[in-house]
>>> print(open('protein-v3.txt').read())   # compact mmCIF, C-alpha atoms
# COMPACT_ATOMS: atom_id res chain seq x y z
CA MET N 1 -2.10 16.31 3.54
CA ILE N 2 -4.99 15.53 1.22
CA PRO N 3 -7.62 18.25 1.04
CA LEU N 4 -11.10 17.12 0.08
CA ALA N 5 -12.02 19.94 -2.30
CA LEU N 6 -15.33 20.59 -4.01
CA LEU N 7 -15.43 18.90 -7.39
CA GLY N 8 -14.74 21.49 -10.10
CA CYS N 9 -16.27 21.72 -13.55
CA THR N 10 -14.79 19.51 -16.25
CA GLY N 11 -12.99 21.14 -19.18
CA PRO N 12 -14.16 21.11 -22.80
CA GLY N 13 -14.04 17.88 -24.77
CA PRO N 14 -11.93 17.16 -27.84
CA THR N 15 -12.27 19.40 -30.90
CA PRO N 16 -14.88 17.87 -33.25
CA ALA N 17 -13.77 16.74 -36.69
CA THR N 18 -14.35 19.23 -39.56
CA PRO N 19 -17.32 18.10 -41.73
CA VAL N 20 -16.82 17.48 -45.48
CA ASP N 21 -19.22 18.34 -48.36
CA THR N 22 -19.57 14.95 -50.06
CA ASP N 23 -20.57 16.58 -53.39
CA THR N 24 -17.42 18.72 -53.73
CA ASP N 25 -15.00 16.97 -51.35
CA THR N 26 -14.35 20.34 -49.77
CA GLU N 27 -14.34 21.10 -46.08
CA VAL N 28 -17.34 22.93 -44.71
CA PRO N 29 -16.46 25.41 -41.95
CA SER N 30 -17.95 24.38 -38.64
CA PRO N 31 -19.60 26.85 -36.34
CA THR N 32 -17.53 27.89 -33.35
CA PRO N 33 -18.46 25.57 -30.45
CA THR N 34 -20.34 27.17 -27.58
CA ALA N 35 -21.01 25.98 -24.07
CA ASP N 36 -24.22 24.41 -25.36
CA THR N 37 -22.73 22.72 -28.46
CA ALA N 38 -19.26 21.62 -27.29
CA ALA N 39 -18.78 17.86 -26.96
CA PRO N 40 -18.85 16.75 -23.31
CA ALA N 41 -15.67 15.52 -21.66
CA PRO N 42 -15.44 11.72 -21.47
CA GLU N 43 -16.78 10.28 -18.23
CA ALA N 44 -14.12 9.22 -15.73
CA PRO N 45 -13.79 5.46 -15.22
CA THR N 46 -15.62 4.15 -12.17
CA LEU N 47 -13.52 3.31 -9.11
CA LEU N 48 -14.45 -0.18 -7.90
CA SER N 49 -12.78 -2.61 -5.53
CA PRO N 50 -10.46 -5.13 -7.23
CA ALA N 51 -12.27 -8.36 -8.07
CA GLU N 52 -12.04 -10.99 -5.33
CA ALA N 53 -10.40 -14.38 -5.81
CA LEU N 54 -12.53 -17.46 -6.37
CA ASP N 55 -12.55 -19.78 -3.34
CA LEU N 56 -11.75 -23.33 -4.50
CA ASP N 57 -12.62 -25.00 -1.16
CA PRO N 58 -16.23 -25.19 0.11
CA ALA N 59 -15.10 -25.51 3.74
CA PRO N 60 -16.20 -22.38 5.66
CA ASP N 61 -12.87 -22.01 7.49
CA VAL N 62 -10.56 -22.43 4.47
CA LEU N 63 -9.82 -19.95 1.69
CA HIS N 64 -8.10 -21.79 -1.18
CA VAL N 65 -7.18 -19.72 -4.21
CA SER N 66 -5.02 -19.99 -7.31
CA LEU N 67 -2.74 -17.12 -8.37
CA VAL N 68 -1.07 -17.19 -11.78
CA ALA N 69 1.79 -14.71 -12.10
CA ALA N 70 2.27 -13.94 -15.79
CA PRO N 71 3.13 -11.12 -18.24
CA HIS N 72 0.29 -8.66 -18.70
CA THR N 73 -0.03 -5.31 -20.46
CA TRP N 74 -1.73 -2.64 -18.36
CA ASP N 75 -1.70 1.16 -18.30
CA GLY N 76 0.17 1.00 -21.61
CA VAL N 77 3.12 -0.89 -20.05
CA ASP N 78 4.27 -4.45 -20.67
CA GLY N 79 4.20 -5.56 -17.07
CA TYR N 80 2.96 -8.43 -14.92
CA ALA N 81 -0.25 -9.42 -13.13
CA TYR N 82 -1.81 -12.02 -10.92
CA ASN N 83 -4.72 -13.67 -12.75
CA ASN N 84 -4.60 -11.01 -15.48
CA GLN N 85 -5.67 -8.17 -13.19
CA VAL N 86 -3.89 -5.22 -11.55
CA PRO N 87 -4.22 -4.97 -8.60
CA GLY N 88 -4.34 -8.74 -8.19
CA PRO N 89 -7.41 -10.52 -6.79
CA THR N 90 -8.43 -9.45 -3.30
CA LEU N 91 -8.25 -12.34 -0.83
CA ARG N 92 -10.92 -12.17 1.87
CA ALA N 93 -11.00 -14.46 4.92
CA ARG N 94 -11.72 -14.36 8.66
CA VAL N 95 -9.57 -14.63 11.75
CA GLY N 96 -8.77 -18.30 12.35
CA ASP N 97 -9.22 -19.36 8.73
CA THR N 98 -6.58 -21.34 6.87
CA LEU N 99 -5.28 -19.64 3.73
CA VAL N 100 -4.10 -21.90 0.89
CA VAL N 101 -2.60 -20.19 -2.17
CA ASP N 102 -1.37 -22.12 -5.21
CA LEU N 103 1.17 -19.92 -7.02
CA ASP N 104 1.75 -20.76 -10.69
CA ASN N 105 4.80 -18.87 -11.97
CA GLN N 106 4.47 -18.09 -15.69
CA LEU N 107 6.73 -15.00 -15.63
CA GLY N 108 9.73 -16.61 -17.30
CA MET N 109 11.85 -15.72 -14.23
CA PRO N 110 11.83 -16.66 -10.51
CA THR N 111 9.35 -15.03 -8.16
CA SER N 112 7.75 -15.53 -4.73
CA ILE N 113 4.90 -14.19 -2.59
CA HIS N 114 5.57 -12.30 0.63
CA TRP N 115 2.58 -11.83 2.93
CA HIS N 116 3.21 -8.28 4.10
CA GLY N 117 2.14 -7.77 7.71
CA VAL N 118 0.96 -11.36 8.27
CA ASP N 119 2.67 -13.42 10.99
CA VAL N 120 3.39 -16.53 8.92
CA PRO N 121 5.76 -19.48 9.53
CA PHE N 122 9.22 -18.71 8.18
CA ALA N 123 8.92 -21.23 5.31
CA MET N 124 5.82 -19.36 4.07
CA ASP N 125 7.30 -15.83 4.18
CA GLY N 126 8.46 -15.80 0.55
CA ALA N 127 11.61 -13.81 1.32
CA GLY N 128 14.87 -14.54 -0.46
CA TRP N 129 17.08 -15.21 2.58
CA GLN N 130 17.95 -18.91 2.72
CA VAL N 131 14.64 -19.64 0.95
CA SER N 132 14.64 -20.41 -2.76
CA PRO N 133 12.15 -18.51 -4.94
CA VAL N 134 9.63 -20.29 -7.15
CA GLY N 135 11.37 -20.95 -10.46
CA ALA N 136 10.03 -20.10 -13.90
CA GLY N 137 7.29 -22.55 -14.86
CA GLU N 138 7.12 -23.97 -11.34
CA THR N 139 4.37 -23.97 -8.71
CA PHE N 140 4.35 -23.61 -4.94
CA THR N 141 1.58 -23.78 -2.35
CA TYR N 142 1.53 -21.36 0.58
CA THR N 143 -0.48 -22.54 3.61
CA PHE N 144 -0.89 -20.85 6.98
CA THR N 145 -3.47 -19.77 9.57
CA LEU N 146 -4.67 -16.18 9.70
CA GLU N 147 -4.44 -15.01 13.30
CA GLN N 148 -4.74 -11.21 13.05
CA ALA N 149 -7.59 -9.08 11.70
CA GLY N 150 -6.67 -6.24 9.39
CA THR N 151 -5.83 -5.11 5.88
CA PHE N 152 -2.66 -6.75 4.60
CA TRP N 153 -1.15 -7.28 1.16
CA TYR N 154 0.88 -9.70 -0.90
CA HIS N 155 3.72 -9.10 -3.37
CA PRO N 156 6.94 -10.74 -4.60
CA HIS N 157 10.12 -10.67 -2.55
CA PHE N 158 12.41 -11.57 -5.43
CA ASP N 159 13.56 -8.84 -7.83
CA THR N 160 11.09 -6.92 -5.69
CA GLU N 161 11.60 -3.42 -7.04
CA HIS N 162 10.80 -4.45 -10.61
CA GLN N 163 8.12 -7.09 -10.05
CA VAL N 164 6.05 -4.95 -7.68
CA ASP N 165 6.42 -1.84 -9.83
CA LEU N 166 5.22 -3.74 -12.90
CA GLY N 167 1.98 -4.93 -11.28
CA LEU N 168 2.45 -7.88 -8.91
CA TYR N 169 0.52 -6.90 -5.79
CA GLY N 170 -2.87 -7.48 -4.19
CA VAL N 171 -4.80 -7.01 -0.95
CA LEU N 172 -5.46 -9.61 1.77
CA ILE N 173 -8.38 -8.80 4.08
CA VAL N 174 -8.77 -10.69 7.35
CA GLU N 175 -12.12 -9.91 8.95
CA ASP N 176 -13.05 -10.03 12.62
CA PRO N 177 -16.67 -11.30 12.84
CA ALA N 178 -17.13 -9.29 16.06
CA GLU N 179 -16.68 -5.96 14.27
CA PRO N 180 -19.72 -4.01 12.97
CA VAL N 181 -20.89 -4.56 9.40
CA VAL N 182 -21.28 -1.29 7.47
CA ASP N 183 -23.29 -0.51 4.36
CA SER N 184 -20.48 -1.18 1.87
CA GLU N 185 -16.73 -1.42 1.47
CA LEU N 186 -14.17 -0.04 -0.97
CA VAL N 187 -10.65 -1.41 -1.43
CA VAL N 188 -8.27 1.23 -2.81
CA VAL N 189 -4.70 0.56 -3.96
CA PHE N 190 -2.44 3.50 -4.79
CA ASP N 191 0.51 3.04 -7.13
CA GLY N 192 2.87 5.38 -8.96
CA PRO N 193 3.48 4.37 -12.59
CA ALA N 194 6.94 3.86 -14.10
CA GLU N 195 8.89 4.55 -10.90
CA VAL N 196 11.62 1.98 -11.60
CA ALA N 197 12.32 3.40 -15.04
CA ALA N 198 12.64 6.91 -13.64
CA SER N 199 15.03 5.87 -10.89
CA GLU N 200 17.22 3.80 -13.22
CA GLU N 201 17.45 6.57 -15.78
CA ASP N 202 19.12 8.82 -13.23
CA PRO N 203 19.72 7.35 -9.74
CA THR N 204 20.00 10.84 -8.24
CA VAL N 205 16.38 11.61 -9.17
CA ASP N 206 13.81 11.17 -6.43
CA PRO N 207 11.57 8.38 -7.87
CA THR N 208 8.37 9.57 -6.20
CA PRO N 209 5.36 9.62 -8.55
CA THR N 210 3.97 12.82 -10.03
CA THR N 211 0.83 10.98 -11.12
CA TRP N 212 -1.01 8.17 -9.37
CA LEU N 213 -2.88 5.07 -10.39
CA VAL N 214 -5.85 4.16 -8.20
CA ASN N 215 -6.77 0.50 -8.65
CA GLY N 216 -4.88 0.70 -11.94
CA LEU N 217 -6.89 3.71 -13.19
CA ARG N 218 -5.95 7.35 -13.71
CA GLU N 219 -8.23 9.80 -11.90
CA PRO N 220 -11.25 7.51 -11.60
CA ALA N 221 -14.58 8.50 -10.05
CA TRP N 222 -15.97 6.76 -7.00
CA ARG N 223 -19.77 6.77 -7.11
CA PRO N 224 -21.11 5.65 -3.71
CA ASN N 225 -24.69 6.03 -2.51
CA ALA N 226 -25.24 9.14 -0.44
CA GLY N 227 -26.31 8.27 3.10
CA GLU N 228 -24.10 5.16 3.32
CA THR N 229 -21.23 4.35 5.63
CA VAL N 230 -18.32 2.89 3.67
CA ARG N 231 -15.30 1.10 5.11
CA VAL N 232 -12.45 2.21 2.84
CA ARG N 233 -9.40 -0.05 3.02
CA MET N 234 -6.36 1.73 1.55
CA LEU N 235 -2.96 0.34 0.54
CA ASN N 236 0.05 2.24 -0.77
CA ALA N 237 1.72 -0.27 -3.12
CA SER N 238 4.00 2.38 -4.59
CA ASN N 239 7.74 1.77 -4.79
CA ALA N 240 8.60 5.16 -3.37
CA GLY N 241 5.63 7.55 -3.21
CA TYR N 242 3.71 8.81 -0.17
CA VAL N 243 -0.04 9.44 0.12
CA ALA N 244 -1.11 11.85 2.87
CA LEU N 245 -4.72 12.23 4.03
CA ASP N 246 -6.34 14.58 6.51
CA ASP N 247 -9.92 15.56 7.38
CA VAL N 248 -10.77 11.85 7.44
CA ARG N 249 -11.85 9.35 10.11
CA VAL N 250 -9.07 6.76 10.38
CA ILE N 251 -10.31 3.69 12.24
CA ALA N 252 -7.48 1.22 11.60
CA ARG N 253 -3.88 0.96 10.48
CA ASP N 254 -1.42 -1.87 9.82
CA ARG N 255 -2.62 -4.23 12.53
CA GLY N 256 -6.36 -3.63 12.71
CA LEU N 257 -8.52 -1.21 14.69
CA LEU N 258 -6.85 1.66 16.52
CA GLY N 259 -7.48 2.37 20.18
CA ALA N 260 -9.27 5.55 19.11
CA PRO N 261 -10.03 7.11 15.71
CA ASP N 262 -7.55 9.51 14.15
CA ALA N 263 -8.08 12.44 11.79
CA ALA N 264 -5.03 12.07 9.52
CA VAL N 265 -2.61 9.49 8.17
CA VAL N 266 0.46 9.41 5.95
CA LEU N 267 0.71 6.21 3.91
CA ALA N 268 4.35 5.35 3.26
CA PRO N 269 5.11 2.60 0.73
CA GLY N 270 3.75 -0.64 2.20
CA ASP N 271 1.43 1.16 4.65
CA ARG N 272 -2.29 0.51 5.01
CA ALA N 273 -5.12 2.40 6.66
CA GLU N 274 -8.87 1.98 7.00
CA LEU N 275 -11.28 4.91 6.90
CA GLU N 276 -14.90 5.23 7.94
CA TRP N 277 -16.38 7.34 5.13
CA ALA N 278 -19.82 8.80 5.87
CA VAL N 279 -21.11 9.70 2.41
CA ASP N 280 -23.28 12.75 1.87
CA ALA N 281 -24.41 14.29 -1.43
CA THR N 282 -21.41 16.61 -1.89
CA PRO N 283 -19.13 15.91 -4.87
CA LEU N 284 -15.45 15.96 -3.92
CA ALA N 285 -12.04 15.90 -5.55
CA VAL N 286 -9.45 13.95 -3.56
CA ASP N 287 -5.99 15.38 -4.27
CA ALA N 288 -2.63 14.39 -2.83
CA VAL N 289 -0.30 17.07 -1.55
CA PRO N 290 3.04 15.85 -2.96
CA TRP N 291 5.71 14.37 -0.74
CA SER N 292 9.29 13.75 -1.67
CA LEU N 293 11.55 11.30 0.13
CA ALA N 294 12.50 14.24 2.35
CA GLY N 295 8.92 15.00 3.35
CA PRO N 296 6.14 17.30 2.05
CA THR N 297 6.93 19.65 -0.83
CA VAL N 298 5.43 22.87 -2.21
CA ASN N 299 4.63 21.33 -5.59
CA PRO N 300 1.05 21.44 -6.95
CA ALA N 301 -1.48 18.92 -5.65
CA VAL N 302 -1.75 15.64 -7.56
CA PRO N 303 -5.26 14.30 -8.37
CA LEU N 304 -6.14 10.87 -6.98
CA PHE N 305 -9.87 10.34 -7.59
CA THR N 306 -13.18 12.15 -7.45
CA VAL N 307 -16.24 11.33 -5.38
CA GLU N 308 -19.56 11.60 -7.23
CA PRO N 309 -22.30 10.55 -4.78
CA VAL N 310 -25.55 9.07 -6.06
CA GLY N 311 -28.62 10.52 -4.38
CA ALA N 312 -29.24 13.39 -1.98
CA SER N 313 -29.17 11.76 1.47
CA GLU N 314 -27.27 13.25 4.37
CA ALA N 315 -24.21 11.59 5.91
CA PRO N 316 -25.01 8.92 8.52
CA GLU N 317 -23.89 9.01 12.15
CA PRO N 318 -20.49 7.50 13.10
CA VAL N 319 -20.31 3.75 13.63
CA ALA N 320 -19.76 2.39 17.16
CA TRP N 321 -16.47 0.55 16.49
CA PRO N 322 -15.13 -1.61 19.34
CA PHE N 323 -12.12 0.64 19.98
CA SER N 324 -9.94 -0.38 22.95
CA PRO N 325 -8.13 2.76 24.13
CA ALA N 326 -4.73 2.11 25.65
CA GLY N 327 -1.59 4.12 26.18
CA PRO N 328 1.85 3.05 24.97
CA THR N 329 3.98 0.68 27.02
CA ALA N 330 6.47 2.50 29.22
CA ASP N 331 9.95 2.58 27.70
CA PRO N 332 12.28 0.47 29.91
CA GLY N 333 15.15 2.77 29.01
CA HIS N 334 17.66 0.21 27.76
CA THR N 335 18.48 -0.68 24.13
CA ASP N 336 19.04 -4.25 22.94
CA LEU N 337 19.68 -3.53 19.26
CA ARG N 338 20.31 -0.36 17.31
CA TYR N 339 19.95 0.16 13.55
CA THR N 340 21.29 3.27 11.84
CA PHE N 341 20.01 3.99 8.33
CA THR N 342 22.57 5.86 6.22
CA GLY N 343 23.48 6.54 2.59
CA SER N 344 22.25 8.45 -0.41
CA ALA N 345 20.83 7.82 -3.89
CA ALA N 346 24.28 8.35 -5.41
CA ALA N 347 26.33 6.31 -2.89
CA GLY N 348 23.85 3.56 -2.06
CA TRP N 349 22.00 2.73 1.16
CA GLU N 350 23.17 0.92 4.30
CA ILE N 351 22.04 -0.32 7.70
CA ASN N 352 24.74 -0.11 10.36
CA GLY N 353 27.31 0.44 7.63
CA GLN N 354 26.43 -2.88 5.94
CA THR N 355 25.04 -3.32 2.45
CA TRP N 356 22.81 -6.29 1.60
CA PRO N 357 23.64 -9.12 1.11
CA ALA N 358 27.00 -8.62 2.89
CA ILE N 359 25.34 -8.41 6.30
CA ALA N 360 25.72 -10.08 9.72
CA PRO N 361 22.32 -11.10 11.13
CA ASP N 362 21.39 -10.01 14.65
CA VAL N 363 20.43 -13.08 16.71
CA VAL N 364 17.85 -12.94 19.51
CA SER N 365 16.25 -15.66 21.62
CA LEU N 366 12.74 -16.95 20.96
CA GLY N 367 10.34 -15.49 23.51
CA SER N 368 12.53 -12.53 24.43
CA GLU N 369 11.45 -8.90 24.50
CA ILE N 370 13.71 -6.71 22.36
CA ILE N 371 13.98 -2.93 22.60
CA LEU N 372 15.07 -1.63 19.24
CA GLU N 373 16.31 1.86 18.47
CA ILE N 374 16.39 3.13 14.87
CA ARG N 375 18.24 6.26 13.88
CA ASN N 376 17.92 7.98 10.53
CA PRO N 377 20.67 10.56 9.94
CA SER N 378 20.26 10.13 6.16
CA PRO N 379 18.67 12.74 3.84
CA ALA N 380 15.60 10.59 3.07
CA HIS N 381 12.62 9.01 4.80
CA HIS N 382 12.75 5.23 5.33
CA PRO N 383 9.62 3.10 5.99
CA PHE N 384 10.94 0.46 8.43
CA HIS N 385 9.42 -2.97 7.75
CA LEU N 386 9.89 -6.13 9.84
CA HIS N 387 8.84 -9.53 8.51
CA GLY N 388 7.20 -12.19 10.68
CA MET N 389 6.31 -10.03 13.69
CA ALA N 390 4.74 -6.74 14.64
CA PHE N 391 6.28 -4.11 16.88
CA GLU N 392 4.99 -1.48 19.29
CA VAL N 393 6.08 2.14 18.88
CA LEU N 394 7.47 3.39 22.21
CA SER N 395 8.55 6.86 21.10
CA ILE N 396 9.53 9.09 18.19
CA ASP N 397 12.28 11.55 19.05
CA GLY N 398 11.60 10.83 22.71
CA VAL N 399 7.86 11.51 22.53
CA PRO N 400 5.50 8.55 23.17
CA PRO N 401 2.54 8.23 20.77
CA ALA N 402 -0.87 9.45 21.92
CA GLN N 403 -2.18 5.87 21.86
CA ARG N 404 -0.67 2.40 21.68
CA LEU N 405 0.51 1.77 18.11
CA THR N 406 1.26 -1.73 16.88
CA GLU N 407 2.70 -1.68 13.38
CA ASP N 408 4.63 -3.73 10.84
CA THR N 409 5.65 -0.74 8.66
CA LEU N 410 6.62 2.61 10.18
CA ASP N 411 7.90 5.65 8.34
CA ILE N 412 11.04 7.15 9.90
CA GLY N 413 11.67 10.74 8.96
CA VAL N 414 14.91 12.56 8.29
CA GLN N 415 16.98 12.89 11.50
CA GLU N 416 14.37 10.98 13.54
CA THR N 417 15.11 8.43 16.26
CA VAL N 418 12.43 5.81 16.91
CA ARG N 419 12.25 3.27 19.74
CA LEU N 420 10.31 0.04 19.28
CA ARG N 421 9.36 -2.97 21.40
CA ILE N 422 9.36 -6.41 19.75
CA GLU N 423 8.12 -9.68 21.22
CA ALA N 424 10.34 -12.21 19.45
CA ASP N 425 7.68 -14.92 19.31
CA ASN N 426 8.14 -16.26 15.75
CA PRO N 427 11.27 -18.33 14.99
CA GLY N 428 13.08 -17.64 11.73
CA ASP N 429 15.54 -15.39 9.93
CA TRP N 430 13.34 -12.37 9.30
CA MET N 431 14.07 -9.54 6.90
CA ILE N 432 14.32 -5.97 8.12
CA HIS N 433 14.43 -3.38 5.36
CA CYS N 434 13.38 0.01 4.11
CA HIS N 435 10.19 -0.29 2.06
CA ILE N 436 11.31 2.36 -0.39
CA LEU N 437 12.04 -0.51 -2.76
CA PRO N 438 14.93 1.18 -4.61
CA HIS N 439 16.59 1.67 -1.20
CA ALA N 440 16.16 -1.99 -0.28
CA GLU N 441 17.40 -3.09 -3.70
CA ASP N 442 20.48 -0.89 -3.25
CA GLY N 443 21.38 -2.53 0.07
CA MET N 444 19.19 -1.15 2.91
CA MET N 445 18.22 -4.58 4.21
CA THR N 446 19.37 -6.91 6.98
CA VAL N 447 18.18 -9.96 8.98
CA PHE N 448 16.66 -10.24 12.46
CA SER N 449 17.17 -13.88 13.47
CA VAL N 450 14.89 -15.38 16.16
CA GLN N 451 16.36 -18.68 17.38
>>> encode(input="protein-v3.txt", output="structure tokens")
Amino acid sequence: MIPLALLGCTGPGPTPATPVDTDTDTEVPSPTPTADTAAPAPEAPTLLSPAEALDLDPAPDVLHVSLVAAPHTWDGVDGYAYNNQVPGPTLRARVGDTLVVDLDNQLGMPTSIHWHGVDVPFAMDGAGWQVSPVGAGETFTYTFTLEQAGTFWYHPHFDTEHQVDLGLYGVLIVEDPAEPVVDSELVVVFDGPAEVAASEEDPTVDPTPTTWLVNGLREPAWRPNAGETVRVRMLNASNAGYVALDDVRVIARDRGLLGAPDAAVVLAPGDRAELEWAVDATPLAVDAVPWSLAGPTVNPAVPLFTVEPVGASEAPEPVAWPFSPAGPTADPGHTDLRYTFTGSAAAGWEINGQTWPAIAPDVVSLGSEIILEIRNPSPAHHPFHLHGMAFEVLSIDGVPPAQRLTEDTLDIGVQETVRLRIEADNPGDWMIHCHILPHAEDGMMTVFSVQ
């Protein structure tokens, strides 16, 4: 998990250039630097929320934005971006609003936008199953109503592994006006650089990141005001890396507020979480304990960002969030569908022995309740993601969760068996896949058809 350690002292700065005697063109020996004369280390870049998209419609219940997907160089890599920024513009709306997004594809290749975690009509899902992507130089307008509060995200679902890894992702926030307003908010997107290149170079190598980008920056510093309560909305946009946090106050996950706050969370690729961060005057270093695709490792901690509070105020009291405690639904005991995740990095990845796109969709009736069992006998974790609908977690290895959990992305560990309940209330041919994007690209994907 992520320990919140006291911020250590910075190291010495770069060695100063040797001065030259301009009369003789000879070097003049410099005095040995001391603690008082050494050049200070450069200040870490400031961690800020990604810039929000400009609303093109003055109507209060419509958010209309333009997203241009185009080549963009960032973090020293020739990649892609939406509107020349990585992460892409944050989209902020309220429950009940209509979202209108004009996508202009200037990538020179097809692309699409998938609205991860949002219950959209099938034609708006942006997935590449019986839906054509947006061609190079073409435009497409996505339009749908936002019905669920929470922190969601958007990314391509065409050539997904490459396009996401190279910078095409952004956060969608859907606010519930009934929830408390806190002092400030921070949107944080974690990404691991150059994961695709590492996995292609040797497919047997675990492509989890050994360094992290936080809002496109390496080891930035967050400088909040001491004494404030901050709502921190976190997204793991990494292709394959995990971010684990403990000693935190988790108030929400994939589908909005929890029934009760939690003290820890593991963000698999595609996962989101919201924290209530009561800021005091203590500087902190936030480090990630490394995870591989087989779980936590004993490798050294990986820096994420530092916290450098401004001021000397004490931390405020917890916010009275409108939590609605509820236990999980009782498992009815039967199984309607079963998915078994198998394979390896060397042999490829499968669901029920089938490799995408040579799959047979499972067909269920609109309005039915489906009990789904997922087994993972493979040697790697697999974040299970369902398009178009959420699901309730009934049990993990036979143990019900402590509170009702409604998710759209759930990490399934090695040798775990998970049981889920799905209300098939959204017609369409919906993708089911592992959100380790190299796994999905290598075949761990199928279709859940609601007819």
>>> closest_residue(input="protein-v3.txt", among="N:Val214, N:Met124, N:Val77, N:Val364", to="Leu337 (chain N)", atoms="all atoms listed in the file")
N:Val364
>>> closest_atom_pairs(input="protein-v3.txt", of="region 138-219 of chain N", to="region 408-429 of chain N", cutoff="12 Å", atoms="only C-alpha atoms", output="CSV")
residue,atom,partner,partner_atom,distance
N:Gly150,CA,N:Asp408,CA,11.7
N:Thr151,CA,N:Asp408,CA,11.7
N:Phe152,CA,N:Asp408,CA,10.1
N:Trp153,CA,N:Asp408,CA,11.8
>>> closest_residue(input="protein-v3.txt", among="N:Leu146, N:Leu304, N:Ala136, N:Leu386", to="Val188 (chain N)", atoms="all atoms listed in the file")
N:Leu304
>>> closest_residue(input="protein-v3.txt", among="N:Thr160, N:Asn352, N:Gln148, N:Thr297", to="Pro177 (chain N)", atoms="only C-alpha atoms")
N:Gln148
>>> atom_distance(input="protein-v3.txt", atom1="CA of Leu168 (chain N)", atom2="CA of Asp75 (chain N)")
13.7 Å
>>> residues_around(input="protein-v3.txt", residues="Gly137 (chain N)", least_positions_apart="3", cutoff="8 Å", atoms="only C-alpha atoms", output="CSV table (one decimal) with C-alpha atoms, keeping the file's coordinate frame")
chain,number,residue,atom,x,y,z
N,104,ASP,CA,1.8,-20.8,-10.7
N,105,ASN,CA,4.8,-18.9,-12.0
N,106,GLN,CA,4.5,-18.1,-15.7
N,107,LEU,CA,6.7,-15.0,-15.6
N,108,GLY,CA,9.7,-16.6,-17.3
>>> residues_around(input="protein-v3.txt", residues="region 57-74 of chain N", least_positions_apart="4", cutoff="7 Å", atoms="all atoms listed in the file", output="JSON list (two decimals) with C-alpha atoms, in the frame of the given file")
[["chain", "number", "residue", "atom", "x", "y", "z"],
["N", 53, "ALA", "CA", -10.40, -14.38, -5.81],
["N", 78, "ASP", "CA", 4.27, -4.45, -20.67],
["N", 79, "GLY", "CA", 4.20, -5.56, -17.07],
["N", 80, "TYR", "CA", 2.96, -8.43, -14.92],
["N", 81, "ALA", "CA", -0.25, -9.42, -13.13],
["N", 82, "TYR", "CA", -1.81, -12.02, -10.92],
["N", 83, "ASN", "CA", -4.72, -13.67, -12.75],
["N", 84, "ASN", "CA", -4.60, -11.01, -15.48],
["N", 93, "ALA", "CA", -11.00, -14.46, 4.92],
["N", 97, "ASP", "CA", -9.22, -19.36, 8.73],
["N", 98, "THR", "CA", -6.58, -21.34, 6.87],
["N", 99, "LEU", "CA", -5.28, -19.64, 3.73],
["N", 100, "VAL", "CA", -4.10, -21.90, 0.89],
["N", 101, "VAL", "CA", -2.60, -20.19, -2.17],
["N", 102, "ASP", "CA", -1.37, -22.12, -5.21],
["N", 103, "LEU", "CA", 1.17, -19.92, -7.02],
["N", 104, "ASP", "CA", 1.75, -20.76, -10.69],
["N", 105, "ASN", "CA", 4.80, -18.87, -11.97],
["N", 106, "GLN", "CA", 4.47, -18.09, -15.69],
["N", 107, "LEU", "CA", 6.73, -15.00, -15.63]]
